[in-house]
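Undergrad: So that you have it, the file is structure.pdb, and it contains PDB, C-alpha atoms:
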ATOM      1  CA  MET A   1      11.774 -25.866 -13.427
ATOM      2  CA  THR A   2       8.596 -24.160 -12.359
ATOM      3  CA  PRO A   3       6.232 -23.774 -15.305
ATOM      4  CA  ARG A   4       5.119 -20.248 -15.978
ATOM      5  CA  PRO A   5       1.439 -19.586 -15.460
ATOM      6  CA  GLN A   6       0.466 -18.644 -18.982
ATOM      7  CA  GLN A   7      -1.601 -15.607 -18.213
ATOM      8  CA  GLU A   8       1.012 -13.873 -16.077
ATOM      9  CA  PRO A   9       4.331 -13.791 -17.884
ATOM     10  CA  THR A  10       5.806 -10.657 -16.345
ATOM     11  CA  CYS A  11       6.120 -11.567 -12.701
ATOM     12  CA  HIS A  12       8.969 -13.975 -13.035
ATOM     13  CA  GLY A  13      12.386 -13.445 -11.654
ATOM     14  CA  GLU A  14      14.216 -14.489 -14.802
ATOM     15  CA  ASP A  15      13.254 -11.149 -16.326
ATOM     16  CA  TYR A  16      15.569  -9.492 -13.819
ATOM     17  CA  ALA A  17      19.107  -9.846 -12.540
ATOM     18  CA  PRO A  18      19.345 -10.997  -8.920
ATOM     19  CA  PHE A  19      20.197  -7.495  -7.674
ATOM     20  CA  GLU A  20      17.259  -6.080  -9.633
ATOM     21  CA  ARG A  21      14.874  -8.569  -8.077
ATOM     22  CA  ALA A  22      16.143  -7.593  -4.647
ATOM     23  CA  LEU A  23      15.663  -3.906  -5.482
ATOM     24  CA  LEU A  24      12.095  -4.451  -6.598
ATOM     25  CA  ASN A  25      11.262  -6.483  -3.550
ATOM     26  CA  ASP A  26      10.431  -3.815  -1.025
ATOM     27  CA  TYR A  27      10.274  -6.438   1.695
ATOM     28  CA  GLN A  28      14.037  -6.534   1.628
ATOM     29  CA  HIS A  29      15.083  -2.961   1.080
ATOM     30  CA  GLU A  30      14.680   0.368   2.669
ATOM     31  CA  LEU A  31      16.316   3.535   1.491
ATOM     32  CA  PRO A  32      18.785   4.360   4.261
ATOM     33  CA  LEU A  33      18.789   7.887   5.685
ATOM     34  CA  VAL A  34      22.354   8.643   4.689
ATOM     35  CA  PRO A  35      23.621  11.250   2.215
ATOM     36  CA  ARG A  36      24.228   8.647  -0.521
ATOM     37  CA  PRO A  37      21.586   5.965   0.080
ATOM     38  CA  PHE A  38      21.825   4.361  -3.360
ATOM     39  CA  ALA A  39      25.539   3.790  -2.804
ATOM     40  CA  ALA A  40      24.671   2.072   0.495
ATOM     41  CA  ILE A  41      22.112  -0.155  -1.238
ATOM     42  CA  GLY A  42      24.628  -0.936  -3.990
ATOM     43  CA  GLU A  43      27.123  -1.962  -1.353
ATOM     44  CA  GLN A  44      24.607  -4.356   0.207
ATOM     45  CA  LEU A  45      23.838  -5.854  -3.197
ATOM     46  CA  GLY A  46      27.378  -5.906  -4.535
ATOM     47  CA  VAL A  47      26.787  -3.473  -7.376
ATOM     48  CA  SER A  48      27.685   0.152  -8.011
ATOM     49  CA  GLU A  49      25.664   3.183  -7.006
ATOM     50  CA  GLN A  50      25.206   3.954 -10.695
ATOM     51  CA  ALA A  51      23.830   0.452 -11.402
ATOM     52  CA  VAL A  52      21.233   0.870  -8.655
ATOM     53  CA  LEU A  53      20.126   4.263  -9.963
ATOM     54  CA  GLU A  54      19.987   3.066 -13.564
ATOM     55  CA  ALA A  55      17.937   0.016 -12.614
ATOM     56  CA  LEU A  56      15.445   2.106 -10.618
ATOM     57  CA  GLN A  57      15.144   4.585 -13.479
ATOM     58  CA  ARG A  58      14.480   1.720 -15.892
ATOM     59  CA  PHE A  59      11.896   0.142 -13.572
ATOM     60  CA  ARG A  60      10.088   3.436 -13.384
ATOM     61  CA  GLU A  61      10.035   3.767 -17.158
ATOM     62  CA  GLN A  62       8.789   0.175 -17.457
ATOM     63  CA  GLY A  63       6.018   0.894 -14.958
ATOM     64  CA  VAL A  64       7.048  -1.822 -12.500
ATOM     65  CA  LEU A  65       8.187   0.729  -9.933
ATOM     66  CA  SER A  66       5.651   3.167  -8.603
ATOM     67  CA  ARG A  67       8.168   5.344  -6.786
ATOM     68  CA  VAL A  68      10.910   5.322  -4.204
ATOM     69  CA  GLY A  69       9.247   7.101  -1.349
ATOM     70  CA  ALA A  70       7.922   7.168   2.158
ATOM     71  CA  THR A  71       5.093   4.904   3.254
ATOM     72  CA  LEU A  72       2.986   6.606   5.867
ATOM     73  CA  LYS A  73       1.158   5.287   8.859
ATOM     74  CA  PRO A  74      -2.577   5.569   8.075
ATOM     75  CA  GLY A  75      -3.906   8.761   9.563
ATOM     76  CA  ALA A  76      -0.458  10.091  10.472
ATOM     77  CA  VAL A  77      -0.913  12.916   8.019
ATOM     78  CA  GLY A  78      -4.465  14.165   7.742
ATOM     79  CA  ALA A  79      -7.508  11.894   7.660
ATOM     80  CA  ALA A  80      -8.099   8.791   5.555
ATOM     81  CA  THR A  81     -10.727   6.162   5.037
ATOM     82  CA  LEU A  82     -11.743   3.194   2.953
ATOM     83  CA  ALA A  83     -15.107   3.639   1.276
ATOM     84  CA  ALA A  84     -17.339   1.164  -0.527
ATOM     85  CA  MET A  85     -20.236   1.659  -2.927
ATOM     86  CA  GLY A  86     -22.675  -0.731  -4.565
ATOM     87  CA  ILE A  87     -23.194   0.521  -8.114
ATOM     88  CA  PRO A  88     -25.380  -1.131 -10.750
ATOM     89  CA  GLU A  89     -23.433  -2.201 -13.820
ATOM     90  CA  ARG A  90     -25.099   0.397 -16.043
ATOM     91  CA  ASP A  91     -23.785   3.286 -13.937
ATOM     92  CA  LEU A  92     -20.456   1.823 -12.918
ATOM     93  CA  GLU A  93     -18.242   3.503 -15.530
ATOM     94  CA  GLN A  94     -19.663   6.909 -14.853
ATOM     95  CA  VAL A  95     -19.504   6.609 -11.064
ATOM     96  CA  ALA A  96     -15.984   5.149 -11.176
ATOM     97  CA  ALA A  97     -14.848   8.088 -13.292
ATOM     98  CA  ILE A  98     -16.371  10.600 -10.864
ATOM     99  CA  VAL A  99     -14.679   8.886  -7.919
ATOM    100  CA  SER A 100     -11.289   8.587  -9.642
ATOM    101  CA  ALA A 101     -11.363  12.231 -10.662
ATOM    102  CA  ARG A 102     -11.438  13.384  -7.024
ATOM    103  CA  PRO A 103      -7.972  14.468  -5.873
ATOM    104  CA  GLU A 104      -8.673  12.945  -2.425
ATOM    105  CA  VAL A 105      -8.970   9.452  -3.925
ATOM    106  CA  ASN A 106      -5.678   7.640  -4.339
ATOM    107  CA  HIS A 107      -6.693   4.023  -4.852
ATOM    108  CA  ASN A 108      -9.849   2.942  -6.596
ATOM    109  CA  TYR A 109     -10.667  -0.676  -7.350
ATOM    110  CA  GLU A 110     -13.568  -2.473  -8.908
ATOM    111  CA  ARG A 111     -14.231  -5.646  -6.913
ATOM    112  CA  GLU A 112     -16.485  -8.652  -7.344
ATOM    113  CA  HIS A 113     -19.201  -8.086  -4.761
ATOM    114  CA  GLU A 114     -22.535  -6.351  -4.347
ATOM    115  CA  LEU A 115     -20.321  -3.548  -3.023
ATOM    116  CA  ASN A 116     -18.296  -3.307  -6.198
ATOM    117  CA  LEU A 117     -16.430  -0.002  -5.954
ATOM    118  CA  TRP A 118     -13.782   0.383  -3.249
ATOM    119  CA  PHE A 119     -11.576   3.376  -2.792
ATOM    120  CA  VAL A 120      -9.192   4.999  -0.340
ATOM    121  CA  ALA A 121      -9.680   8.713   0.241
ATOM    122  CA  MET A 122      -7.395  11.084   2.134
ATOM    123  CA  ALA A 123      -7.691  14.738   3.036
ATOM    124  CA  ALA A 124      -5.935  17.301   5.192
ATOM    125  CA  ASP A 125      -8.367  16.797   8.066
ATOM    126  CA  ASP A 126     -11.548  14.998   9.022
ATOM    127  CA  ALA A 127     -13.875  17.831   7.936
ATOM    128  CA  ALA A 128     -12.294  17.966   4.475
ATOM    129  CA  LEU A 129     -12.559  14.185   4.164
ATOM    130  CA  ARG A 130     -16.236  14.162   5.146
ATOM    131  CA  ALA A 131     -16.915  16.958   2.678
ATOM    132  CA  ALA A 132     -15.251  14.974  -0.113
ATOM    133  CA  LEU A 133     -17.266  11.835   0.703
ATOM    134  CA  THR A 134     -20.504  13.819   0.787
ATOM    135  CA  ALA A 135     -19.622  15.417  -2.538
ATOM    136  CA  ILE A 136     -19.101  11.961  -4.044
ATOM    137  CA  GLU A 137     -22.496  10.812  -2.764
ATOM    138  CA  ASN A 138     -24.208  13.925  -4.103
ATOM    139  CA  GLU A 139     -22.493  13.860  -7.454
ATOM    140  CA  THR A 140     -23.056  10.154  -8.086
ATOM    141  CA  GLY A 141     -26.457   9.814  -6.428
ATOM    142  CA  TYR A 142     -25.363   6.685  -4.572
ATOM    143  CA  PRO A 143     -24.641   6.230  -0.843
ATOM    144  CA  LEU A 144     -21.275   5.023   0.363
ATOM    145  CA  LEU A 145     -20.048   3.085   3.370
ATOM    146  CA  ASP A 146     -17.346   4.929   5.298
ATOM    147  CA  LEU A 147     -15.195   2.148   6.768
ATOM    148  CA  ARG A 148     -12.940   4.215   8.952
ATOM    149  CA  LEU A 149      -9.922   2.477  10.422
ATOM    150  CA  VAL A 150     -10.430   1.222  13.976
ATOM    151  CA  CYS A 151      -7.067  -0.478  14.411
ATOM    152  CA  ASP A 152      -4.104  -1.246  12.186
ATOM    153  CA  TYR A 153      -2.587  -4.661  12.914
ATOM    154  CA  HIS A 154       0.136  -4.801  10.362
ATOM    155  CA  LEU A 155       3.748  -3.973  11.065
ATOM    156  CA  ASP A 156       4.386  -2.732   7.562
ATOM    157  CA  LEU A 157       7.473  -4.444   6.227
ATOM    158  CA  GLY A 158       6.419  -4.220   2.632
ATOM    159  CA  PHE A 159       5.196  -7.153   0.698
ATOM    160  CA  ASP A 160       7.484 -10.059  -0.147
ATOM    161  CA  ILE A 161       7.292 -10.634  -3.885
ATOM    162  CA  GLN A 162       8.708 -14.174  -3.593
ATOM    163  CA  TRP A 163      10.133 -14.437  -7.071
ATOM    164  CA  THR A 164       9.235 -17.700  -8.699
ATOM    165  CA  SER A 165      11.942 -18.144 -11.304
ATOM    166  CA  ALA A 166      13.873 -21.370 -11.473
ATOM    167  CA  ASN A 167      17.132 -19.516 -10.806
ATOM    168  CA  GLU A 168      15.942 -17.595  -7.775
ATOM    169  CA  THR A 169      18.131 -19.636  -5.450
ATOM    170  CA  ASP A 170      21.214 -17.921  -6.847
ATOM    171  CA  ALA A 171      19.988 -14.518  -5.671
TER     172      ALA A 171
ATOM    173  CA  MET B  18       3.174  -2.664  19.445
ATOM    174  CA  ASP B  19       3.275  -0.383  16.453
ATOM    175  CA  ALA B  20      -0.488  -0.423  16.050
ATOM    176  CA  VAL B  21      -1.052   1.616  19.165
ATOM    177  CA  ARG B  22       2.009   3.859  19.117
ATOM    178  CA  GLN B  23       1.134   7.523  19.187
ATOM    179  CA  SER B  24       2.999   9.651  16.741
ATOM    180  CA  GLN B  25       4.006  13.222  17.351
ATOM    181  CA  PRO B  26       1.953  15.742  15.406
ATOM    182  CA  LEU B  27       3.613  16.893  12.216
ATOM    183  CA  ASP B  28       4.249  20.550  11.550
ATOM    184  CA  ASP B  29       3.990  22.302   8.193
ATOM    185  CA  THR B  30       7.624  21.615   7.312
ATOM    186  CA  ASP B  31       7.163  17.909   8.063
ATOM    187  CA  ARG B  32       4.098  17.872   5.862
ATOM    188  CA  ALA B  33       5.951  19.615   3.043
ATOM    189  CA  ILE B  34       8.693  16.966   3.245
ATOM    190  CA  VAL B  35       6.180  14.125   3.268
ATOM    191  CA  ARG B  36       4.321  15.639   0.349
ATOM    192  CA  ALA B  37       7.542  16.001  -1.644
ATOM    193  CA  THR B  38       8.548  12.376  -1.009
ATOM    194  CA  GLN B  39       5.158  11.068  -2.066
ATOM    195  CA  GLN B  40       5.871  11.973  -5.651
ATOM    196  CA  GLY B  41       8.967   9.827  -5.289
ATOM    197  CA  MET B  42      12.450  10.530  -4.001
ATOM    198  CA  PRO B  43      14.669  11.981  -6.725
ATOM    199  CA  LEU B  44      16.704   9.231  -8.356
ATOM    200  CA  SER B  45      19.890  11.171  -7.792
ATOM    201  CA  VAL B  46      23.176  10.329  -6.095
ATOM    202  CA  THR B  47      22.160  12.624  -3.224
ATOM    203  CA  PRO B  48      18.353  12.385  -3.101
ATOM    204  CA  TYR B  49      17.918  14.012   0.297
ATOM    205  CA  ARG B  50      19.989  17.010  -0.784
ATOM    206  CA  VAL B  51      17.936  17.397  -3.985
ATOM    207  CA  LEU B  52      14.741  17.096  -1.972
ATOM    208  CA  ALA B  53      16.023  19.665   0.534
ATOM    209  CA  GLN B  54      16.964  22.101  -2.234
ATOM    210  CA  SER B  55      13.505  21.840  -3.768
ATOM    211  CA  LEU B  56      12.025  22.758  -0.375
ATOM    212  CA  GLY B  57      14.561  25.461   0.418
ATOM    213  CA  LEU B  58      15.781  23.601   3.505
ATOM    214  CA  PRO B  59      19.212  22.391   4.602
ATOM    215  CA  GLU B  60      19.864  18.719   3.796
ATOM    216  CA  HIS B  61      20.570  17.871   7.443
ATOM    217  CA  GLU B  62      17.226  19.319   8.531
ATOM    218  CA  VAL B  63      15.327  17.194   6.019
ATOM    219  CA  MET B  64      17.195  14.081   7.115
ATOM    220  CA  THR B  65      16.725  14.841  10.817
ATOM    221  CA  ARG B  66      13.004  15.422  10.355
ATOM    222  CA  MET B  67      12.584  12.262   8.306
ATOM    223  CA  GLN B  68      14.446  10.276  10.945
ATOM    224  CA  ARG B  69      12.164  11.722  13.612
ATOM    225  CA  MET B  70       9.076  10.781  11.605
ATOM    226  CA  LEU B  71      10.481   7.270  11.147
ATOM    227  CA  ASP B  72      11.164   7.015  14.886
ATOM    228  CA  SER B  73       7.679   8.231  15.810
ATOM    229  CA  GLY B  74       6.079   5.862  13.302
ATOM    230  CA  ALA B  75       4.489   8.574  11.152
ATOM    231  CA  ILE B  76       6.697   7.338   8.302
ATOM    232  CA  ARG B  77       6.872   3.577   8.334
ATOM    233  CA  ARG B  78       9.650   3.181   5.878
ATOM    234  CA  ILE B  79      11.294   4.786   2.911
ATOM    235  CA  ALA B  80      11.556   2.245   0.163
ATOM    236  CA  ALA B  81      11.024   1.347  -3.444
ATOM    237  CA  VAL B  82       7.288   0.834  -3.946
ATOM    238  CA  PRO B  83       6.763  -1.663  -6.747
ATOM    239  CA  GLN B  84       3.694  -1.791  -8.938
ATOM    240  CA  HIS B  85       2.763  -5.333  -7.998
ATOM    241  CA  TYR B  86       0.144  -5.401 -10.687
ATOM    242  CA  ALA B  87       2.719  -4.624 -13.391
ATOM    243  CA  LEU B  88       4.900  -7.389 -11.957
ATOM    244  CA  GLY B  89       2.123  -9.901 -12.537
ATOM    245  CA  ILE B  90       0.838 -10.058  -8.969
ATOM    246  CA  ARG B  91      -2.675  -9.454 -10.119
ATOM    247  CA  ALA B  92      -4.860 -11.633  -7.936
ATOM    248  CA  ASN B  93      -5.415  -8.998  -5.312
ATOM    249  CA  GLY B  94      -7.822 -10.392  -2.761
ATOM    250  CA  MET B  95      -9.363  -8.347  -0.011
ATOM    251  CA  SER B  96     -10.291 -10.986   2.529
ATOM    252  CA  VAL B  97     -12.888  -9.825   5.036
ATOM    253  CA  TRP B  98     -13.833 -11.587   8.251
ATOM    254  CA  ASP B  99     -16.583 -11.422  10.838
ATOM    255  CA  VAL B 100     -14.579 -12.023  14.003
ATOM    256  CA  ASP B 101     -15.759 -12.054  17.606
ATOM    257  CA  ASP B 102     -15.210  -8.523  18.934
ATOM    258  CA  ARG B 103     -13.601  -9.880  22.101
ATOM    259  CA  LEU B 104     -10.933 -11.694  20.111
ATOM    260  CA  VAL B 105     -10.472  -9.536  17.031
ATOM    261  CA  ASP B 106      -7.551  -7.470  18.328
ATOM    262  CA  GLU B 107      -5.510 -10.449  19.414
ATOM    263  CA  LEU B 108      -6.262 -12.437  16.267
ATOM    264  CA  GLY B 109      -5.891  -9.404  14.017
ATOM    265  CA  GLN B 110      -2.308  -8.943  15.224
ATOM    266  CA  ARG B 111      -1.526 -12.539  14.343
ATOM    267  CA  VAL B 112      -3.100 -12.210  10.903
ATOM    268  CA  GLY B 113      -1.086  -9.022  10.349
ATOM    269  CA  GLU B 114       2.106 -10.931  11.061
ATOM    270  CA  LEU B 115       1.539 -13.429   8.241
ATOM    271  CA  ALA B 116       4.136 -12.841   5.514
ATOM    272  CA  PHE B 117       1.611 -12.828   2.665
ATOM    273  CA  VAL B 118      -0.670 -10.267   4.306
ATOM    274  CA  SER B 119       0.195  -6.737   3.173
ATOM    275  CA  HIS B 120      -2.384  -4.921   5.279
ATOM    276  CA  ALA B 121      -4.569  -5.993   8.194
ATOM    277  CA  TYR B 122      -7.130  -3.626   9.637
ATOM    278  CA  ARG B 123     -10.078  -3.578  11.975
ATOM    279  CA  ARG B 124     -12.929  -1.547  10.520
ATOM    280  CA  PRO B 125     -16.529  -0.952  11.601
ATOM    281  CA  ARG B 126     -19.332  -3.325  10.617
ATOM    282  CA  HIS B 127     -22.397  -1.973   8.828
ATOM    283  CA  PRO B 128     -24.936  -4.799   9.243
ATOM    284  CA  PRO B 129     -26.754  -6.274   7.504
ATOM    285  CA  LEU B 130     -24.987  -5.191   4.314
ATOM    286  CA  TRP B 131     -21.500  -5.402   5.766
ATOM    287  CA  PRO B 132     -20.987  -7.777   8.725
ATOM    288  CA  TYR B 133     -17.178  -7.893   8.539
ATOM    289  CA  ASN B 134     -14.814  -6.241  11.010
ATOM    290  CA  LEU B 135     -11.378  -7.563   9.986
ATOM    291  CA  PHE B 136      -9.723  -6.852   6.654
ATOM    292  CA  ALA B 137      -6.606  -8.680   5.436
ATOM    293  CA  MET B 138      -5.176  -7.887   2.016
ATOM    294  CA  VAL B 139      -3.547 -10.842   0.319
ATOM    295  CA  HIS B 140      -1.795 -10.895  -3.022
ATOM    296  CA  GLY B 141      -0.843 -13.611  -5.425
ATOM    297  CA  ARG B 142      -0.221 -14.455  -9.046
ATOM    298  CA  SER B 143      -3.367 -16.534  -9.240
ATOM    299  CA  ARG B 144      -6.619 -17.023  -7.399
ATOM    300  CA  ASP B 145      -5.431 -20.462  -6.315
ATOM    301  CA  GLU B 146      -2.512 -18.888  -4.538
ATOM    302  CA  VAL B 147      -4.801 -16.376  -2.853
ATOM    303  CA  GLU B 148      -7.309 -19.108  -1.875
ATOM    304  CA  ASN B 149      -4.542 -21.052  -0.118
ATOM    305  CA  GLN B 150      -3.573 -17.953   1.818
ATOM    306  CA  VAL B 151      -7.188 -17.301   2.764
ATOM    307  CA  ALA B 152      -7.489 -20.884   4.010
ATOM    308  CA  GLU B 153      -4.476 -20.297   6.236
ATOM    309  CA  ILE B 154      -6.118 -17.202   7.741
ATOM    310  CA  ALA B 155      -9.331 -19.199   8.278
ATOM    311  CA  ARG B 156      -7.382 -21.857  10.187
ATOM    312  CA  LEU B 157      -5.759 -19.196  12.346
ATOM    313  CA  LEU B 158      -9.101 -17.560  13.190
ATOM    314  CA  GLY B 159     -10.863 -20.863  13.868
ATOM    315  CA  ASP B 160     -14.170 -20.686  15.725
ATOM    316  CA  ALA B 161     -13.786 -16.974  16.478
ATOM    317  CA  CYS B 162     -14.778 -16.309  12.876
ATOM    318  CA  ARG B 163     -18.475 -16.453  11.963
ATOM    319  CA  GLY B 164     -18.081 -15.838   8.255
ATOM    320  CA  HIS B 165     -15.800 -14.455   5.600
ATOM    321  CA  ASP B 166     -15.604 -13.410   1.999
ATOM    322  CA  VAL B 167     -12.876 -12.583  -0.498
ATOM    323  CA  LEU B 168     -13.367  -9.613  -2.774
ATOM    324  CA  TYR B 169     -11.134  -9.856  -5.799
ATOM    325  CA  SER B 170     -10.254  -6.754  -7.676
ATOM    326  CA  THR B 171     -11.382  -6.951 -11.257
ATOM    327  CA  ARG B 172      -9.937  -3.601 -12.260
ATOM    328  CA  LEU B 173      -7.473  -1.122 -10.864
ATOM    329  CA  LEU B 174      -9.158   2.168 -11.665
ATOM    330  CA  LYS B 175      -6.702   4.504  -9.993
ATOM    331  CA  LYS B 176      -3.508   4.292  -7.989
ATOM    332  CA  THR B 177      -1.410   7.269  -7.005
ATOM    333  CA  GLY B 178       0.790   8.204  -4.087
ATOM    334  CA  LEU B 179      -0.611  10.268  -1.283
ATOM    335  CA  ARG B 180      -1.617  13.731  -2.273
ATOM    336  CA  LEU B 181      -2.321  16.278   0.395
ATOM    337  CA  ALA B 182      -4.556  19.202  -0.124
ATOM    338  CA  GLY B 183      -2.886  22.573   0.518
TER     339      GLY B 183
END
Please, can you express the file's structure as structure tokens?

TA:
Amino acid sequence: MTPRPQQEPTCHGEDYAPFERALLNDYQHELPLVPRPFAAIGEQLGVSEQAVLEALQRFREQGVLSRVGATLKPGAVGAATLAAMGIPERDLEQVAAIVSARPEVNHNYEREHELNLWFVAMAADDAALRAALTAIENETGYPLLDLRLVCDYHLDLGFDIQWTSANETDA
Amino acid sequence: MDAVRQSQPLDDTDRAIVRATQQGMPLSVTPYRVLAQSLGLPEHEVMTRMQRMLDSGAIRRIAAVPQHYALGIRANGMSVWDVDDRLVDELGQRVGELAFVSHAYRRPRHPPLWPYNLFAMVHGRSRDEVENQVAEIARLLGDACRGHDVLYSTRLLKKTGLRLAG
């Protein structure tokens, strides 16, 4: 039996039935483009269409599922970039709030580094994106690094959660 | 390879479909029909357009997107590497193929503050797990890599799906 790391109790497979673990593991499942895709997924997993829908609804309520939706190729729709800022501790909360409040920003992380604020920004086109980045610099009073994508190397298959429960082999 | 495939430009209807799916597909027995109704389009047109965007690579996949953080996968390490420009594309592809790497990108350097040109996102339940993964990337890059760092996230301040202006 694998001992649970004490600080992270929620990531373990025993919290979920095997079909639920498979559903949550986006590495394994795509929503097929057929009129009743949840029925098709249920068929693959040996459960009913209703069971799939109920599980997804529950996951969403629990906050473990962000959404069932399309993942886009970076830059396929509009313009996007990763930006980094180095913000002194005393101003971090305020700057982070300004950045997060922008509708163009969809991920914003604090990271351990001299450059401690990292966010992804997207806009309808390059001009709108540049305008948003400039507005962030002006509003916060700090410069940012615009780390525009040069090349994307990943064939996006999703991320394999690799459930760690002792009973995962029966999935 | 996918990284260099050109996708067809999207028209306004494509964009409307993409925008609608970003808030999540309806959890309904017939999600594409519900989506189509909300856009005032026939179901078959929505499905045909989505298939075309999948084929062109504009949409990579339609899938359940878990909140890894809520599932306990909280050691989110952005590993960054200073890789020889002549070798970065070849090595970047190989890094991107590693199962534990969720994203791998080449981005511009901004020396001296930012000397790194290869980004590989790795995720784990603990820093130990992430460190092992980073060591595996370091072995793969070998002498082509002049330096690296791992930036752990200490806080997730915002995470939403794509939102498109207008």

Undergrad: Might you spell out which residues the PyMOL selection byres ((chain A and resi 53-63) around 12) would select in the displayed file, as a ChimeraX atom specification?

TA: /A:10,15-25,36-42,47-52,64-68 /B:41-48,80-89

Undergrad: Translate the PyMOL selection byres ((chain B) within 6 of (chain A)), as applied to the file shown, into an explicit residue set as a VMD selection string.

TA: chain B and resid 20 38 to 39 41 to 42 46 to 47 75 to 84 87 to 89 109 to 110 113 119 to 125 168 to 177 182

Undergrad: Quick one: residues within 12 Å of B:Ala33, all atoms listed in the file counted, chain neighbours fewer than 3 positions away excluded, as a PyMOL selection string?

TA: (chain A and resi 77) or (chain B and resi 27-30+36-40+52-53+55-58+63+66-67+180-183)

Undergrad: In Å to one decimal, how far is atom CA of B:Ala92 from atom CA of B:Arg144?

TA: 5.7 Å

Undergrad: Tell me, in Å to one decimal, how far atom CA of A:Gln94 is from atom CA of A:Thr140.

TA: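 Rounded to one decimal, the two atoms are 8.2 Å apart.
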
Undergrad: If I take atom CA of A:Asp91 and atom CA of A:Leu144, how far is one from the other in Å, to one decimal?

TA: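 It comes out at 14.6 Å.
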
Undergrad: Which residues are close to B:Val100, i.e. within 12 Å by all atoms listed in the file, leaving aside same-chain residues fewer than 5 positions away? Reply as a list in words.

TA: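 The filter keeps Val105, Asp106, Glu107, Leu108, Gly109, Val112, Arg123, Arg124, Pro125, Arg126, Pro132, Tyr133, Asn134, Leu135, Phe136, Ile154, Ala155, Leu157, Leu158, Gly159, Asp160, Ala161, Cys162, Arg163, Gly164 and His165 of chain B.
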